[in-house]
Structures are given as structure tokens and as C-alpha cells.
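First up is the structure itself, then whatever we jot down about it.
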Amino acid sequence: MKDDEALKKLRGPLFILFEGIDGSGKTTQADMLAGLLDSMSVPVARLAEPTRGVWGAEIRKMLSGNAAPDPWEQVRLFILDRREDVAMNVIPALGRGDVIVMDRYYYSNAAYQGAGGIDPGEIMEINRKEGFPEPDRIYFIDIDPVLAMNRIASRNNGGTTEIFEKGDFLSAVRKNYLSILGKNSVVIDGSGAPEKVFASVVSDIRNAFIQ
Ligand code: TMP
């Protein structure tokens, strides 16, 4: 059986997270996975942080502003958003037995706000103390920050970028990610075509979660 087909046997509750720097293509991967599972009638919850809730709106305003606020203020806002997301979306989805396909979570908090000058390990600890559920698998879609910036520039067509979309900053974010990823994380080369990247994701899910 092909890897893609085998995924119809996937059963929740299962929590799969995609992480990566801006421009890594992780949102495309999350969409592809959620779309594939959905087409196979596997119950799936496609989630993302920042959310579309009140705190998410506050965060989007911050991201499109001119300057980043104090990194601890950023940590606070993202955690407020995450508390709501976990209570309203993550826990109910796990309770229903869904496969959660999530785009960013507290690993983003550690990597990005860590690049703002806070110890990433400390941010991980704060989030874990909140009791947020731990993902079963984390796919870190890894690309060179230079390639990421090129993708962001062509996507925006010369328009405005968000406060974190800067080459040096994204290099620091990438280093932080690589320092915090644990045993449930898989680093996937994100430099190729989306279909090629997706084949690596699907193959790992099959090996890890389907007998
Ligand atoms: P997005 O572009 O994937 O929607 O994410 C928006 C930005 O939010 C992205 O630059 C990363 C940033 N972010 C943090 O800095 N900390 C966090 O905890 C999360 C969830 C996102």
C-alpha cells in the first residue's frame, strides 16, 4: 500500500504540529495533510496560532506594527491566545478523538520570543507549566533563512512585511528551534517542491503511527 493510502487508517486522538520559520512552507504542509485526511474521512481538526480569537487579533496588530514590543509582553500575549486555543479547540478535539493538524504552538513562542533575547528553555518551561498538551509529533520544516526571505519577498510582491520577517532574526529563530526540538520532533528538509516535502511527512506518519 502506498504511504498516502495507508493514512486512511490513521486514528485520533493524535496531535501533529508543524513548526518552522516564516516562509518555510509549513502552512502549505499543514493544509495538504489536513486536506488528505479529510478526503479519507479521518476526523481532523485544522488549527493554527496565532488564532482568530480576540488575543489573536491583538497579536496580528502587533505583527503588522512598526516595532516589536518587549519580548516578555510578546510571551504574555501569545500565552493568553494559547490558553484560549487549548481550552476551546485543542482539548475538545482530542476529546472527540480527532487528528489535530496544528500550525505553530509553543515551540514558536520559545524560538521567536527567544530570538528577542529570552532564554528559549525558560519559555518552554513556562508553557509546559501551563499544562498545554504535548504534541505527539512535531515536523520542523527546515529551510535556509535566505531562501525563506526570498519566498516572503515574492509572496508579498514588494509589499510590507511583518516584524519578524527579517533575515538575521529568522536565522536566530532557526537556531533556537534546533536547540529545543526533542525526541518527538522530526526535521524535514523544506527546500524542495511542496509535494516532495509532503512525501517525507506522510512517510514518517505512516512509520510512526500506522502498523
Ligand atoms: P504565521 O505567519 O505562521 O501565521 O505566524 C505569525 C507570526 O507569529 C510568525 O512570525 C511567528 C509568530 N509567533 C511568535 O512569535 N510566537 C508564537 O508563540 C506564535 C504562535 C507565533
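Residues are referred to by chain and number: the chain letter is A, B, ... according to the order shown in the C-alpha cells, the number counts from 1 in that chain, and ligands are numbered separately from 1 in the order shown.
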Contacts between range 172-187 of chain A and range 29-131 of chain A, please, where a residue of range 29-131 of chain A counts if it comes within 6 Å (with only C-alpha atoms); show its shortest atom pair and distance in Å to one decimal, rows by chain and ascending number, as JSON lines.
```
{"residue": "A:Ala111", "atom": "CA", "partner": "A:Asn176", "partner_atom": "CA", "distance": 4.9}
{"residue": "A:Tyr112", "atom": "CA", "partner": "A:Val173", "partner_atom": "CA", "distance": 5.4}
{"residue": "A:Ala115", "atom": "CA", "partner": "A:Val173", "partner_atom": "CA", "distance": 5.5}
```
Output file for the residues above (C-alpha atoms, as a compact mmCIF listing (two decimals), in the first residue's frame):
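Result written to again.txt:
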```txt
# COMPACT_ATOMS: atom_id res chain seq x y z
CA ALA A 111 12.01 30.13 19.11
CA TYR A 112 10.69 33.61 18.25
CA ALA A 115 15.30 35.38 19.43
```
Quick one: residues within 12 Å of Glu84 in chain A, only C-alpha atoms, excluding same-chain residues fewer than 3 positions away - as a PyMOL selection string?
chain A and resi 49-56+77-81+87-92+130+132
Kindly compile the residues surrounding ligand 1 within 7 Å, counting only C-alpha atoms and all ligand atoms, and format them as an NGL selection string.
:A and (22 or 27 or 49-50 or 63 or 75 or 78 or 103-109 or 112-113 or 162 or 164-165)
Filtering to C-alpha atoms, could you give me those residues as a PDB file, in the first residue's frame?
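Below is the file that was written, again11.pdb:
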```
ATOM      1  CA  ASP A  22       8.341  32.367   8.272  1.00  0.00           C
ATOM      2  CA  THR A  27       1.258  26.191   6.404  1.00  0.00           C
ATOM      3  CA  GLU A  49      -1.712  30.004  16.280  1.00  0.00           C
ATOM      4  CA  PRO A  50      -1.974  32.928  16.481  1.00  0.00           C
ATOM      5  CA  LEU A  63       2.905  41.806  13.959  1.00  0.00           C
ATOM      6  CA  VAL A  75       5.260  35.974  25.518  1.00  0.00           C
ATOM      7  CA  PHE A  78       0.886  34.529  22.808  1.00  0.00           C
ATOM      8  CA  ASP A 103       0.263  25.291  12.501  1.00  0.00           C
ATOM      9  CA  ARG A 104       2.505  26.784  15.266  1.00  0.00           C
ATOM     10  CA  TYR A 105       2.286  26.272  19.022  1.00  0.00           C
ATOM     11  CA  TYR A 106       4.507  26.959  21.998  1.00  0.00           C
ATOM     12  CA  TYR A 107       7.660  25.918  20.121  1.00  0.00           C
ATOM     13  CA  SER A 108       7.127  29.142  18.125  1.00  0.00           C
ATOM     14  CA  ASN A 109       6.918  31.003  21.406  1.00  0.00           C
ATOM     15  CA  TYR A 112      10.689  33.612  18.247  1.00  0.00           C
ATOM     16  CA  GLN A 113      10.497  35.325  21.619  1.00  0.00           C
ATOM     17  CA  GLU A 162       5.709  41.552   9.425  1.00  0.00           C
ATOM     18  CA  PHE A 164       9.752  39.080  12.474  1.00  0.00           C
ATOM     19  CA  GLU A 165      10.327  38.725   8.705  1.00  0.00           C
TER      20      GLU A 165
END
```
Nearest candidate to Gly114 in chain A (options A:Arg60, A:Arg151, A:Ile143, A:Leu170; using only C-alpha atoms):
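For Gly114 in chain A, the nearest of the given residues is A:Leu170.
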So which bits of range 15-176 of chain A end up helix (DSSP H, G or I) when you DSSP the backbone, as a PyMOL selection string?
chain A and resi 26-39+54-63+71-96+106-115+120-129+145-156+167-176
Please identify which residues in range 6-126 of chain A DSSP calls strand (DSSP E or B) from the backbone, and express them as JSON, numbers by chain.
{"A": [14, 15, 16, 17, 18, 19, 44, 45, 46, 47, 48, 99, 100, 101, 102, 103]}
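Near Ser39 in chain A, within 10 Å and counting only C-alpha atoms, sit A:Lys8, A:Leu33, A:Ala34, not including residues fewer than 5 positions from it in the same chain.
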